[in-house]
Every structure is written in structure tokens, then in C-alpha cells.
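Here is target06.txt, consisting of compact mmCIF, C-alpha atoms:
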```txt
# COMPACT_ATOMS: atom_id res chain seq x y z
CA MET A 1 125.88 87.63 100.32
CA LEU A 2 125.52 85.56 103.51
CA GLN A 3 126.36 81.89 103.61
CA PRO A 4 123.34 79.62 104.27
CA LEU A 5 122.05 80.00 107.82
CA GLN A 6 119.84 77.91 110.07
CA VAL A 7 116.61 79.91 110.41
CA LEU A 8 113.84 78.84 112.79
CA VAL A 9 110.32 80.02 111.94
CA ILE A 10 107.79 79.91 114.79
CA ALA A 11 104.19 80.73 113.89
CA PRO A 12 100.94 79.13 115.17
CA ASP A 13 99.13 79.78 111.87
CA VAL A 14 99.99 76.99 109.43
CA GLN A 15 99.58 79.16 106.32
CA ALA A 16 101.70 82.00 107.69
CA ARG A 17 104.37 79.56 108.85
CA ALA A 18 104.53 77.90 105.42
CA GLU A 19 104.84 81.27 103.68
CA HIS A 20 107.65 82.40 105.98
CA VAL A 21 109.46 79.09 105.46
CA ARG A 22 109.19 79.51 101.68
CA ALA A 23 110.62 83.03 101.97
CA VAL A 24 113.61 81.69 103.93
CA GLN A 25 114.14 78.95 101.35
CA ARG A 26 114.07 81.47 98.49
CA LEU A 27 116.94 83.29 100.19
CA GLY A 28 119.06 80.14 100.19
CA HIS A 29 118.92 79.61 103.97
CA VAL A 30 117.87 76.43 105.79
CA PRO A 31 114.47 76.83 107.48
CA ASN A 32 112.73 74.82 110.16
CA GLY A 33 109.14 75.59 111.09
CA LEU A 34 107.41 75.12 114.45
CA GLY A 35 103.99 76.10 115.70
CA GLN A 36 104.88 77.33 119.19
CA SER A 37 107.89 78.61 121.13
CA ARG A 38 107.56 75.87 123.73
CA GLU A 39 108.20 73.27 121.02
CA ALA A 40 111.59 74.87 120.48
CA LEU A 41 112.22 74.94 124.23
CA GLN A 42 111.85 71.16 124.25
CA ARG A 43 114.19 70.53 121.32
CA ARG A 44 117.37 68.66 122.15
CA GLY A 45 120.44 67.96 120.05
CA ARG A 46 119.38 70.23 117.18
CA ARG A 47 121.68 72.75 115.56
CA PRO A 48 120.83 76.13 117.13
CA PRO A 49 119.33 78.71 114.79
CA ALA A 50 121.29 81.75 113.67
CA VAL A 51 117.99 83.63 113.31
CA ILE A 52 114.52 83.03 114.71
CA VAL A 53 111.51 84.51 112.93
CA PHE A 54 108.61 84.76 115.38
CA ALA A 55 104.98 85.49 114.63
CA ALA A 56 103.68 87.87 117.29
CA ALA A 57 101.52 85.17 118.92
CA ALA A 58 104.48 82.81 119.13
CA TRP A 59 106.64 85.45 120.79
CA LYS A 60 104.03 86.04 123.49
CA ASP A 61 103.96 82.30 124.15
CA GLY A 62 107.52 81.82 125.39
CA GLY A 63 109.63 83.69 122.85
CA ALA A 64 111.69 85.62 125.38
CA GLU A 65 112.28 82.44 127.41
CA LEU A 66 113.56 80.62 124.32
CA VAL A 67 116.04 83.41 123.52
CA ASP A 68 117.24 83.40 127.12
CA GLN A 69 117.68 79.62 127.08
CA LEU A 70 119.82 79.77 123.92
CA LEU A 71 121.90 82.59 125.37
CA GLN A 72 122.51 80.70 128.63
CA ALA A 73 123.58 77.64 126.62
CA ASP A 74 126.13 79.81 124.79
CA LYS A 75 124.05 79.54 121.60
CA PRO A 76 122.98 83.15 120.93
CA THR A 77 120.59 83.96 118.10
CA ARG A 78 119.10 86.93 116.25
CA VAL A 79 115.41 87.70 116.63
CA ILE A 80 112.84 88.95 114.09
CA LEU A 81 109.18 89.47 114.96
CA VAL A 82 106.53 89.61 112.23
CA GLY A 83 103.18 91.26 112.87
CA ASP A 84 100.54 93.70 111.69
CA GLN A 85 100.54 97.45 112.21
CA ARG A 86 98.86 97.18 115.60
CA THR A 87 101.53 94.75 116.77
CA LEU A 88 104.35 96.95 115.57
CA ALA A 89 102.93 99.87 117.54
CA LYS A 90 104.27 98.05 120.63
CA ALA A 91 107.86 98.23 119.32
CA PRO A 92 109.48 99.61 122.52
CA GLN A 93 108.00 96.77 124.55
CA TYR A 94 109.21 94.11 122.14
CA HIS A 95 112.68 95.61 121.88
CA ASP A 96 112.93 95.58 125.67
CA GLU A 97 112.07 91.88 125.63
CA GLY A 98 114.80 91.01 123.15
CA VAL A 99 113.25 91.46 119.69
CA GLN A 100 115.81 93.05 117.36
CA MET A 101 113.84 93.58 114.15
CA LEU A 102 110.14 94.18 113.48
CA LEU A 103 108.68 93.37 110.04
CA GLN A 104 105.15 94.02 108.87
CA THR A 105 102.87 91.47 107.28
CA PRO A 106 102.63 90.49 104.50
CA LEU A 107 106.32 89.54 104.75
CA SER A 108 108.29 90.02 101.53
CA THR A 109 111.40 88.02 100.69
CA ALA A 110 113.36 91.18 99.87
CA GLU A 111 112.51 92.71 103.24
CA LEU A 112 113.38 89.51 105.10
CA ASP A 113 116.71 89.25 103.29
CA GLU A 114 117.63 92.81 104.21
CA ALA A 115 116.67 92.19 107.84
CA ILE A 116 118.74 89.01 108.14
CA ASN A 117 121.76 90.66 106.54
CA GLU A 118 121.49 93.62 108.90
CA LEU A 119 121.10 91.44 111.99
CA MET A 120 124.01 89.13 111.12
CA ALA A 121 126.26 92.17 110.78
CA GLY A 122 125.46 93.25 114.34
CA PRO A 123 125.18 91.82 117.87
CA HIS A 124 123.03 88.85 118.81
CA ALA A 125 119.88 89.19 120.89
CA ARG A 126 120.51 90.66 124.36
CA ALA A 127 124.22 91.19 123.58
CA GLU A 128 125.90 94.05 125.42
CA GLY A 129 128.61 94.65 122.83
CA PRO A 130 129.33 94.00 119.16
CA ALA A 131 128.90 90.46 117.85
CA PRO A 132 131.86 88.42 116.63
CA GLU A 133 132.57 88.36 112.92
CA THR A 134 131.02 84.88 112.66
CA ASP A 135 128.37 83.25 114.79
CA PRO A 136 129.97 80.35 116.69
CA ALA A 137 126.59 78.63 116.95
CA VAL A 138 126.25 78.22 113.21
CA ASP A 139 128.05 75.56 111.23
CA GLU A 140 127.98 77.16 107.77
CA PRO A 141 128.86 75.35 104.53
CA GLU A 142 131.19 76.86 102.00
CA PRO A 143 129.44 79.29 99.62
CA GLU A 144 128.75 78.13 96.09
CA GLU A 145 130.65 79.79 93.28
CA HIS A 146 128.69 82.48 91.48
CA GLU A 147 127.63 81.64 87.96
CA PRO A 148 126.66 84.60 85.74
CA ASP A 149 123.24 84.43 84.09
CA GLU A 150 123.00 84.02 80.32
CA ASP A 151 121.48 87.47 79.92
CA THR A 152 122.85 89.52 82.81
CA ASP A 153 124.89 89.14 85.97
CA GLN A 154 122.33 87.90 88.48
CA GLY A 155 124.66 88.68 91.37
CA LEU A 156 124.59 92.33 90.35
CA VAL A 157 120.83 92.23 89.87
CA ARG A 158 120.28 90.71 93.30
CA GLU A 159 122.54 93.31 94.88
CA GLN A 160 120.62 96.09 93.15
CA ILE A 161 117.29 94.63 94.24
CA MET A 162 118.39 94.41 97.86
CA GLU A 163 119.64 98.00 97.72
CA LEU A 164 116.32 99.08 96.24
CA ALA A 165 114.43 97.20 98.95
CA GLN A 166 116.40 99.08 101.61
CA LYS A 167 115.63 102.42 99.93
CA LEU A 168 111.96 101.52 99.87
CA ARG A 169 112.08 100.64 103.54
CA ASP A 170 113.62 103.98 104.52
CA GLY A 171 111.49 105.98 102.07
CA SER A 172 114.32 107.23 99.84
CA ALA A 173 113.30 105.37 96.65
CA ALA A 174 111.32 106.97 93.85
CA VAL A 175 109.50 105.72 90.77
CA THR A 176 110.36 107.41 87.51
CA ASN A 177 108.01 110.18 86.38
CA ILE A 178 105.13 109.53 88.79
CA SER A 179 103.33 112.71 89.77
CA PRO A 180 103.70 113.38 93.51
CA VAL A 181 100.00 114.19 93.45
CA ALA A 182 99.28 110.48 92.74
CA MET A 183 99.75 109.42 96.36
CA GLU A 184 97.81 112.39 97.70
CA LEU A 185 94.97 111.65 95.30
CA GLN A 186 94.87 108.04 96.42
CA ALA A 187 94.74 109.06 100.06
CA LEU A 188 91.97 111.56 99.35
CA CYS A 189 89.92 108.99 97.45
CA ALA A 190 90.53 106.29 100.06
CA GLU A 191 89.12 108.45 102.84
CA GLY A 192 85.67 108.15 101.29
CA SER A 193 84.69 111.54 102.64
CA GLY A 194 86.52 113.64 100.08
CA SER A 195 84.43 116.28 98.35
CA LEU A 196 84.43 117.23 94.71
CA VAL A 197 85.89 120.62 95.67
CA ALA A 198 88.81 118.98 97.53
CA LEU A 199 89.47 116.57 94.66
CA VAL A 200 89.48 119.35 92.07
CA ALA A 201 91.81 121.43 94.26
CA LYS A 202 94.27 118.53 94.36
CA ILE A 203 94.08 117.95 90.59
CA GLU A 204 94.75 121.65 89.97
CA GLN A 205 98.22 121.18 91.50
CA ASP A 206 99.36 119.25 88.42
CA PRO A 207 98.77 120.94 85.02
CA ASN A 208 99.08 117.61 83.17
CA LEU A 209 96.30 116.14 85.29
CA CYS A 210 94.12 119.16 84.56
CA VAL A 211 94.55 118.65 80.81
CA SER A 212 93.83 114.91 81.07
CA VAL A 213 90.67 115.38 83.12
CA LEU A 214 89.32 118.01 80.75
CA LYS A 215 90.13 115.74 77.83
CA ALA A 216 88.22 112.87 79.42
CA SER A 217 85.20 115.05 80.12
CA ASN A 218 85.08 116.07 76.45
CA ALA A 219 85.67 112.56 75.08
CA ALA A 220 83.63 110.92 72.34
CA ALA A 221 81.05 109.61 74.83
CA TYR A 222 79.99 113.21 75.55
CA ARG A 223 79.82 114.46 71.98
CA GLY A 224 76.80 116.62 71.32
CA MET A 225 77.12 118.17 74.77
CA PRO A 226 78.66 121.60 75.41
CA SER A 227 82.44 121.63 75.81
CA VAL A 228 83.71 121.56 79.38
CA LEU A 229 86.39 124.14 80.07
CA ASP A 230 86.89 124.01 83.84
CA LEU A 231 87.55 121.21 86.32
CA HIS A 232 84.45 121.79 88.44
CA ALA A 233 82.24 121.34 85.36
CA ALA A 234 84.31 118.30 84.39
CA GLY A 235 83.74 116.84 87.84
CA ARG A 236 79.99 117.39 87.65
CA ARG A 237 79.89 115.70 84.24
CA LEU A 238 82.10 112.73 85.11
CA GLY A 239 80.92 112.26 88.68
CA MET A 240 83.10 112.00 91.78
CA ARG A 241 84.11 108.36 91.27
CA ARG A 242 84.98 108.62 87.59
CA LEU A 243 86.84 111.90 88.18
CA ALA A 244 88.96 110.17 90.82
CA GLU A 245 89.67 107.25 88.47
CA VAL A 246 90.78 109.49 85.61
CA ALA A 247 92.97 111.60 87.90
CA GLN A 248 94.68 108.60 89.50
CA MET A 249 95.23 106.94 86.13
CA GLU A 250 96.84 110.02 84.65
CA ALA A 251 98.96 110.60 87.78
CA LEU A 252 100.52 107.15 87.35
CA LYS A 253 100.82 107.27 83.57
CA GLY A 254 104.19 109.00 83.61
CA ALA A 255 105.82 105.92 85.13
CA PHE A 256 105.11 104.06 81.89
CA VAL A 257 106.79 106.59 79.59
CA SER A 258 110.37 106.44 78.28
CA LYS A 259 112.28 108.50 75.74
CA ASN A 260 114.12 105.34 74.69
CA LYS A 261 112.09 103.76 71.88
CA GLY A 262 113.11 100.24 72.85
CA TRP A 263 111.91 100.58 76.43
CA SER A 264 108.94 102.70 75.35
CA LYS A 265 107.38 99.73 73.54
CA LEU A 266 107.49 97.57 76.64
CA LEU A 267 106.22 100.29 78.95
CA SER A 268 103.37 101.13 76.58
CA LYS A 269 102.25 97.49 76.62
CA MET A 270 102.51 97.43 80.42
CA TRP A 271 100.41 100.59 80.68
CA ARG A 272 97.77 99.19 78.34
CA ASN A 273 97.58 96.05 80.47
CA THR A 274 97.34 98.08 83.70
CA VAL A 275 94.50 100.32 82.54
CA THR A 276 92.61 97.47 80.90
CA THR A 277 92.92 95.33 84.03
CA ALA A 278 91.66 98.19 86.23
CA THR A 279 88.73 98.84 83.88
CA ALA A 280 87.84 95.14 83.70
CA ALA A 281 88.01 94.88 87.50
CA ARG A 282 85.57 97.77 87.88
CA ILE A 283 83.21 96.24 85.30
CA LEU A 284 83.26 92.86 87.02
CA VAL A 285 82.71 94.39 90.47
CA GLU A 286 79.66 96.23 89.15
CA ARG A 287 78.30 92.98 87.71
CA ILE A 288 78.89 91.04 90.93
CA GLY A 289 77.22 93.82 92.90
CA TRP A 290 80.02 94.87 95.22
CA SER A 291 79.76 98.49 96.36
CA ASN A 292 83.47 99.37 96.42
CA ARG A 293 84.05 99.88 92.69
CA GLY A 294 86.45 102.78 93.17
CA GLU A 295 88.54 100.92 95.73
CA VAL A 296 88.94 97.87 93.47
CA TYR A 297 89.81 100.10 90.50
CA THR A 298 92.57 101.72 92.57
CA MET A 299 93.88 98.33 93.69
CA ALA A 300 94.11 97.20 90.08
CA LEU A 301 95.76 100.42 88.98
CA PHE A 302 98.50 100.17 91.62
CA HIS A 303 98.93 96.40 91.92
CA ASN A 304 101.71 95.89 89.36
CA LEU A 305 103.81 99.00 90.00
CA GLY A 306 106.61 96.79 91.31
CA GLU A 307 107.28 95.81 87.70
CA ILE A 308 108.22 99.41 86.94
CA LEU A 309 110.83 99.23 89.71
CA VAL A 310 112.35 96.13 88.09
CA VAL A 311 112.35 97.74 84.64
CA ASP A 312 114.02 100.87 86.03
CA LEU A 313 116.62 98.68 87.72
CA HIS A 314 117.46 96.84 84.49
CA LYS A 315 117.62 100.10 82.56
CA GLY A 316 120.05 101.40 85.17
CA ILE A 317 122.45 98.43 84.86
CA GLY A 318 122.47 98.61 81.06
CA THR A 319 120.15 95.75 80.09
CA SER A 320 119.20 95.97 76.42
CA PRO A 321 115.54 96.87 75.81
CA PRO A 322 113.38 93.89 74.81
CA GLN A 323 112.64 93.41 71.14
CA GLY A 324 109.06 93.96 70.14
CA GLY A 325 108.16 95.32 73.56
CA LEU A 326 107.87 91.86 75.12
CA ALA A 327 110.11 91.14 78.12
CA SER A 328 112.02 87.86 78.16
CA GLY A 329 115.14 86.31 79.70
CA ALA A 330 116.52 87.77 82.92
CA LEU A 331 114.30 90.86 82.72
CA ALA A 332 111.14 88.77 82.56
CA ARG A 333 112.32 86.45 85.32
CA ASP A 334 113.07 89.37 87.64
CA MET A 335 109.75 91.03 86.81
CA LYS A 336 107.91 87.83 87.70
CA SER A 337 109.87 86.93 90.83
CA GLN A 338 110.46 90.36 92.38
CA HIS A 339 107.66 92.74 91.42
CA ALA A 340 105.06 91.63 93.97
CA GLU A 341 107.33 92.09 96.96
CA LEU A 342 108.91 95.31 95.69
CA GLY A 343 105.46 96.66 94.89
CA ALA A 344 104.31 95.96 98.45
CA LEU A 345 107.35 97.76 99.84
CA LEU A 346 106.65 100.70 97.50
CA MET A 347 103.05 100.98 98.74
CA ARG A 348 104.30 100.98 102.32
CA SER A 349 106.96 103.59 101.60
CA TRP A 350 104.23 105.85 100.23
CA LYS A 351 102.20 105.30 103.42
CA LEU A 352 99.28 104.04 101.34
CA PRO A 353 96.56 101.88 102.95
CA PRO A 354 97.79 98.41 104.00
CA THR A 355 95.23 96.84 101.65
CA LEU A 356 97.14 98.20 98.63
CA ALA A 357 100.41 96.73 99.90
CA ALA A 358 98.73 93.39 100.58
CA ILE A 359 97.12 93.29 97.12
CA ALA A 360 100.43 94.17 95.46
CA TYR A 361 102.01 91.29 97.37
CA ALA A 362 99.26 88.67 96.93
CA HIS A 363 97.64 89.26 93.53
CA HIS A 364 99.54 86.37 91.91
CA ASP A 365 98.99 84.11 94.92
CA PRO A 366 95.80 85.03 96.82
CA THR A 367 96.50 82.29 99.36
CA ARG A 368 99.12 84.65 100.82
CA VAL A 369 96.30 86.52 102.60
CA GLU A 370 93.75 85.10 104.99
CA GLY A 371 91.01 83.26 103.13
CA GLY A 372 87.37 84.30 103.34
CA THR A 373 88.19 87.96 103.96
CA PRO A 374 87.28 90.91 101.68
CA LEU A 375 91.01 91.30 100.98
CA ALA A 376 91.26 87.69 99.81
CA ARG A 377 88.23 88.11 97.56
CA HIS A 378 89.78 91.22 96.01
CA ALA A 379 93.07 89.36 95.44
CA TRP A 380 91.25 86.52 93.70
CA LEU A 381 89.23 88.94 91.58
CA LEU A 382 92.28 90.92 90.47
CA GLY A 383 94.28 87.75 89.81
CA GLY A 384 91.50 86.33 87.65
CA VAL A 385 90.86 89.60 85.83
CA HIS A 386 94.56 90.02 85.10
CA LYS A 387 94.67 86.52 83.60
CA ALA A 388 91.57 87.22 81.49
CA VAL A 389 93.14 90.41 80.14
CA LEU A 390 96.32 88.50 79.25
CA GLU A 391 94.25 85.87 77.47
CA ALA A 392 92.59 88.69 75.52
CA GLY A 393 96.02 89.49 74.07
CA TYR A 394 97.06 92.45 76.20
CA THR A 395 100.41 91.08 77.33
CA TYR A 396 103.94 92.42 77.75
CA LEU A 397 105.89 89.24 78.59
CA ARG A 398 106.95 86.46 76.23
CA SER A 399 105.28 83.99 78.56
CA HIS A 400 102.98 84.26 81.56
CA GLY A 401 102.73 81.51 84.15
CA GLN A 402 101.80 83.42 87.27
CA GLY A 403 98.54 84.02 88.99
CA PRO A 404 95.34 82.05 89.51
CA THR A 405 93.41 80.77 86.53
CA VAL A 406 90.13 82.39 85.61
CA ASP A 407 88.34 79.17 86.54
CA ALA A 408 89.97 79.12 89.98
CA ALA A 409 89.12 82.77 90.68
CA ALA A 410 85.54 82.29 89.48
CA GLY A 411 85.18 79.23 91.70
CA VAL A 412 86.38 81.04 94.82
CA LEU A 413 84.09 84.02 94.18
CA GLY A 414 81.13 81.89 93.15
CA VAL A 415 80.56 83.58 89.79
CA LYS A 416 80.62 82.41 86.18
CA ASN A 417 84.05 82.28 84.56
CA THR A 418 82.56 83.88 81.46
CA TRP A 419 82.04 87.06 83.48
CA PHE A 420 85.82 87.53 83.70
CA HIS A 421 86.26 87.16 79.96
CA GLU A 422 83.30 89.42 79.19
CA ALA A 423 84.66 92.10 81.53
CA ALA A 424 88.07 91.83 79.85
CA ALA A 425 86.51 92.10 76.38
CA GLU A 426 84.54 95.19 77.42
CA ALA A 427 87.69 96.75 78.90
CA VAL A 428 89.65 96.04 75.72
CA LYS A 429 86.87 97.73 73.74
CA ALA A 430 87.03 100.73 76.07
CA TRP A 431 90.82 100.95 75.59
CA THR A 432 90.58 100.87 71.79
CA GLY A 433 87.91 103.56 71.99
CA MET A 434 90.05 105.93 74.03
CA ASP A 435 90.65 109.20 72.26
CA ASP A 436 94.44 109.12 72.82
```

So, in terms of C-alpha cells, how does the structure I just supplied come out?
Amino acid sequence: MLQPLQVLVIAPDVQARAEHVRAVQRLGHVPNGLGQSREALQRRGRRPPAVIVFAAAAWKDGGAELVDQLLQADKPTRVILVGDQRTLAKAPQYHDEGVQMLLQTPLSTAELDEAINELMAGPHARAEGPAPETDPAVDEPEPEEHEPDEDTDQGLVREQIMELAQKLRDGSAAVTNISPVAMELQALCAEGSGSLVALVAKIEQDPNLCVSVLKASNAAAYRGMPSVLDLHAAGRRLGMRRLAEVAQMEALKGAFVSKNKGWSKLLSKMWRNTVTTATAARILVERIGWSNRGEVYTMALFHNLGEILVVDLHKGIGTSPPQGGLASGALARDMKSQHAELGALLMRSWKLPPTLAAIAYAHHDPTRVEGGTPLARHAWLLGGVHKAVLEAGYTYLRSHGQGPTVDAAAGVLGVKNTWFHEAAAEAVKAWTGMDD
């Protein structure tokens, strides 16, 4: 683990700058935030930064000049640029100008930590050869002694999380028992132009999905109607949107299954919460009158998958399964603090739409995305729905303190707070009526 470093964050947008500064603080480094590169060019007598995190707009406004100035003053630095997909498409240009690492928004703490570690192990910006073992421009304090956590060694957990983040970045990580068809289904549904024939053809690739779809099409709601024995008939009965929902739900279900009875209780509660939240989100969207019911259902279904990564990690290091299926202690703390960022990295590694990664990252704090946008509204809706479902009793943690309140979400969206609770109650009723 690196000793605390001086990290300069330069971003014109106040909200983005504050979020990047918080990410640096969470890593134990010392941040300083500025709005523009020229402000840094005018600084005198300040300790030079070991790393500079530029927003794309800040880099265009004097970033290269700032790096050159530090280099000429024998105060070299490392350079990270944060931007959207369109910005990152210009990677060769930025690398030629001195940028060493490109990170995509929304910026996760785990991804930033991995980037800083990687940069500090290599040469500084514009260096011709390898960097010295320590950066002479950084006056670093002695590291604090590591204290083991009461439940598990947090040093080991952090190391495992960083390793997992790297695997997610390079696409080598996998989630236990998820059907590979899940991602293909999501992509097909997200295109909006998928046909029933194409959707059925994709479902036919996974026998378990076939069984689940046929089961859904012959559920109690359709009693009195002839039995459906093929997927095309099931699709005609359920409709394109509902068929896609059932298929995606069943494709993800395997991630919430464990042969270990102790872990099985927790995962079952997590699955119940996931499906109920997705159902409640669809119900609320229909009531509000938004047209993208299927998209919001998918967002809700995928938004908490980062928690599965944390559970898998704890299972791998030998953490005891939680009693009663309710996570507590170190497991609960890691689920709360790490799942949003790991979930966003997972969505990216699967090459899913950026909206899914952003929702996974921002559902507990919708202010992480630009306010007033459809994405922000979706984040507020999912955050409020999730809280309503928890308040209805469908929980899996000993205590929940994350996410916006129902009142806050209702206020932002301009709807009655009772709508959230009514949608949650209807979703709970739907869950208890499932013929599982």
C-alpha cells in the first residue's frame, strides 16, 4: 500500500471536483482541488503533487503546460485524465501530450486506487526512462501501523478488492454462476429493435432459461388458458417486454445461489430484494407515466450486482457465513462501501451500456451524476424504491444507512412519497405470489 501522496484534482465542474477529491481522501491520500489548470500554474511555494487528476476540460486549458512547468522545475508528476467515452476515444492524442492514464466517468475509488498504484510504480510524465524508487518531489509521512479488523483482516480484504478491481478492468473477472447469455440478453433488449424471434433464439441457448420462461408463461395468472409448451407461444402470451424481463431475471438468478446453507440464506434474501426492487421500479415507472419501463427494470435488476462480488470475495478468504442470512460486521461494511464501485466496473467489463455502470455507481448517491438528466431521475427513482422495499421488510443487512430517503426521492421526482411505498407493497405481493 502506498504512503499518503499529494494529489491535485483539477476540474471546472464543482460537483465532479468534489467527488474526485472525496475519492482521493477515501484512499488515504492528501487532495487539493482547483477549478482550472492556470490556477495551478500560478501557485507558488506549494508542495508539488505526486499525481494530478485532470478533468478533460481542465487538461485542454493548460494541462500540458502545467506538467511541463513542473518537469522543468525538477518536480515531475504523474498524470491521470478523467473523461467520458467520447473523450477516451482520443487516447493517442492525450498520451502524446503527456497523459499517462485514462479513466472513464463515473470515477470509482477502486479504479483510481489501482491507477495511482500503477503510475507510482512507473516513470513520471514525459520521462524517458524508469522512475526512481521514490518520488523526490513528495515528502511522505511514515505509514501507520496496520490494525486488524475485529472480524477479518482488512488489509487482506483491501488487497483482494484491489486485485478484483484490476481483473474487472482487464475483463478477466467473473461472477459466480451467471449465465453468459445474461449479457447478450441485456444487449439485445437494450437495442430496442430486437424481435421476438431473436429474443427466443437467444433464450434457447440456455436450457435453464427455457424452463423458467415456460414456467412463467404457465403461472397462476394464466390458469384456465391452454398450457404453453414452446418459447414462441410463451413469448406471444407474455409479450416482448415481459419475456425479456423474465429471461434477464433468470439469467442472473444463478449468482444468488450457493450450496453452502449459511451463505445460501444471505444470497436468497439478496435475490428477493433484487427482484422486488426491480418489480417495484417497473410499477412506479408505469404509474409516473415514463415510457422506458423495460430499461428501468433492467437497471434495477443489475444495480446491486457489486454486492455479489463482495460476498464472493469474503467466501474466498474464509469469512464465516452470516447468521440468519443477515450480513453484519466486516462483510456488511465492505458490501456497503465497495459494491457500488465494483458493480460499475463489472458493468463496464461486460461492455454493457454506460447507463448501467452509472446507475450501479450512483444509486446510493444520485448526486454523483449530473442533476436534471434522465440518468439522475432514474438514480433517484431506484434509490427511493430500494429504500421503500427495505422498509417493507425485504432486507439482507443488519442495518441499512445508505441511499436517499423515500421523501427525498419523491421530492426530486415531483411525485407522492406514498407511490413508492405502494409500489413496494405491490412488488412484495407479487413476490409472495410467485409459483417458486

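The space separating CA of Asn304 in chain A from CA of Leu238 in chain A comes to 26.2 Å.
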
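Atom pair CA of Ala427 in chain A / CA of Ser328 in chain A has a distance of 25.9 Å (rounded to one decimal).
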
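Minimum atom-to-atom distance to Pro76 in chain A, evaluated using only C-alpha atoms, belongs to A:Arg126 out of A:Arg126, A:Ala57, A:Glu118, A:Leu413.
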
| request: Go ahead and find all residues with at least one atom no further than 8 Å from (105.6, 74.0, 111.8) in the file's coordinates, using all atoms listed in the file; report them as a list in words. | output: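 Protein and nucleic acid residues near the point are Val9, Ile10, Ala11, Pro12, Val14, Arg17, Ala18, Asn32, Gly33, Leu34 and Gly35 of chain A.
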
| query | Any idea what the distance is between CA of Trp263 in chain A and CA of Leu331 in chain A? | reply |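 CA of Leu331 in chain A lies at a distance of 11.8 Å from CA of Trp263 in chain A.
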
| message | So, with all atoms listed in the file as the atoms that count, which of A:Leu284, A:Ala58, A:Leu66, A:Ala198 lies closest to Lys416 in chain A? | response |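 Of A:Leu284, A:Ala58, A:Leu66, A:Ala198, the one nearest Lys416 in chain A is A:Leu284, counting all atoms listed in the file.
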
Kindly list the centre and edge lengths in Å, rounded to one decimal, for the axis-aligned box that covers all listed atoms of range 311-318 of chain A plus 3 Å on each of its six sides, as JSON.
```
{"center_x": 117.4, "center_y": 99.1, "center_z": 84.4, "size_x": 16.1, "size_y": 10.6, "size_z": 12.7}
```

Save N, CA and C atoms of range 338-352 of chain A from the block above as a PDB file, in the first residue's frame.
```pdb
ATOM      1  N   GLN A 338     -18.082  -0.866  -0.889  1.00  0.00           N
ATOM      2  CA  GLN A 338     -17.391  -1.258  -2.120  1.00  0.00           C
ATOM      3  C   GLN A 338     -18.310  -1.647  -3.271  1.00  0.00           C
ATOM      4  N   HIS A 339     -19.564  -2.020  -2.983  1.00  0.00           N
ATOM      5  CA  HIS A 339     -20.346  -2.669  -4.042  1.00  0.00           C
ATOM      6  C   HIS A 339     -20.700  -1.733  -5.189  1.00  0.00           C
ATOM      7  N   ALA A 340     -20.911  -0.447  -4.917  1.00  0.00           N
ATOM      8  CA  ALA A 340     -21.310   0.459  -5.996  1.00  0.00           C
ATOM      9  C   ALA A 340     -20.189   0.607  -7.021  1.00  0.00           C
ATOM     10  N   GLU A 341     -18.977   0.781  -6.549  1.00  0.00           N
ATOM     11  CA  GLU A 341     -17.860   0.983  -7.464  1.00  0.00           C
ATOM     12  C   GLU A 341     -17.489  -0.312  -8.186  1.00  0.00           C
ATOM     13  N   LEU A 342     -17.494  -1.434  -7.444  1.00  0.00           N
ATOM     14  CA  LEU A 342     -17.196  -2.707  -8.098  1.00  0.00           C
ATOM     15  C   LEU A 342     -18.276  -3.063  -9.106  1.00  0.00           C
ATOM     16  N   GLY A 343     -19.522  -2.754  -8.765  1.00  0.00           N
ATOM     17  CA  GLY A 343     -20.611  -3.021  -9.700  1.00  0.00           C
ATOM     18  C   GLY A 343     -20.462  -2.232 -10.989  1.00  0.00           C
ATOM     19  N   ALA A 344     -20.038  -0.972 -10.872  1.00  0.00           N
ATOM     20  CA  ALA A 344     -19.825  -0.150 -12.066  1.00  0.00           C
ATOM     21  C   ALA A 344     -18.710  -0.723 -12.928  1.00  0.00           C
ATOM     22  N   LEU A 345     -17.633  -1.169 -12.279  1.00  0.00           N
ATOM     23  CA  LEU A 345     -16.536  -1.787 -13.033  1.00  0.00           C
ATOM     24  C   LEU A 345     -16.999  -3.075 -13.712  1.00  0.00           C
ATOM     25  N   LEU A 346     -17.853  -3.837 -13.034  1.00  0.00           N
ATOM     26  CA  LEU A 346     -18.379  -5.077 -13.613  1.00  0.00           C
ATOM     27  C   LEU A 346     -19.196  -4.771 -14.865  1.00  0.00           C
ATOM     28  N   MET A 347     -20.070  -3.758 -14.787  1.00  0.00           N
ATOM     29  CA  MET A 347     -20.881  -3.400 -15.955  1.00  0.00           C
ATOM     30  C   MET A 347     -19.988  -3.002 -17.134  1.00  0.00           C
ATOM     31  N   ARG A 348     -18.930  -2.264 -16.827  1.00  0.00           N
ATOM     32  CA  ARG A 348     -18.016  -1.861 -17.894  1.00  0.00           C
ATOM     33  C   ARG A 348     -17.289  -3.060 -18.485  1.00  0.00           C
ATOM     34  N   SER A 349     -16.874  -3.987 -17.621  1.00  0.00           N
ATOM     35  CA  SER A 349     -16.136  -5.148 -18.107  1.00  0.00           C
ATOM     36  C   SER A 349     -16.999  -6.011 -19.019  1.00  0.00           C
ATOM     37  N   TRP A 350     -18.302  -5.968 -18.807  1.00  0.00           N
ATOM     38  CA  TRP A 350     -19.227  -6.711 -19.652  1.00  0.00           C
ATOM     39  C   TRP A 350     -19.604  -5.930 -20.908  1.00  0.00           C
ATOM     40  N   LYS A 351     -19.083  -4.724 -21.038  1.00  0.00           N
ATOM     41  CA  LYS A 351     -19.386  -3.859 -22.187  1.00  0.00           C
ATOM     42  C   LYS A 351     -20.880  -3.539 -22.264  1.00  0.00           C
ATOM     43  N   LEU A 352     -21.519  -3.422 -21.094  1.00  0.00           N
ATOM     44  CA  LEU A 352     -22.922  -3.050 -21.051  1.00  0.00           C
ATOM     45  C   LEU A 352     -23.058  -1.540 -21.234  1.00  0.00           C
TER      46      LEU A 352
END
```
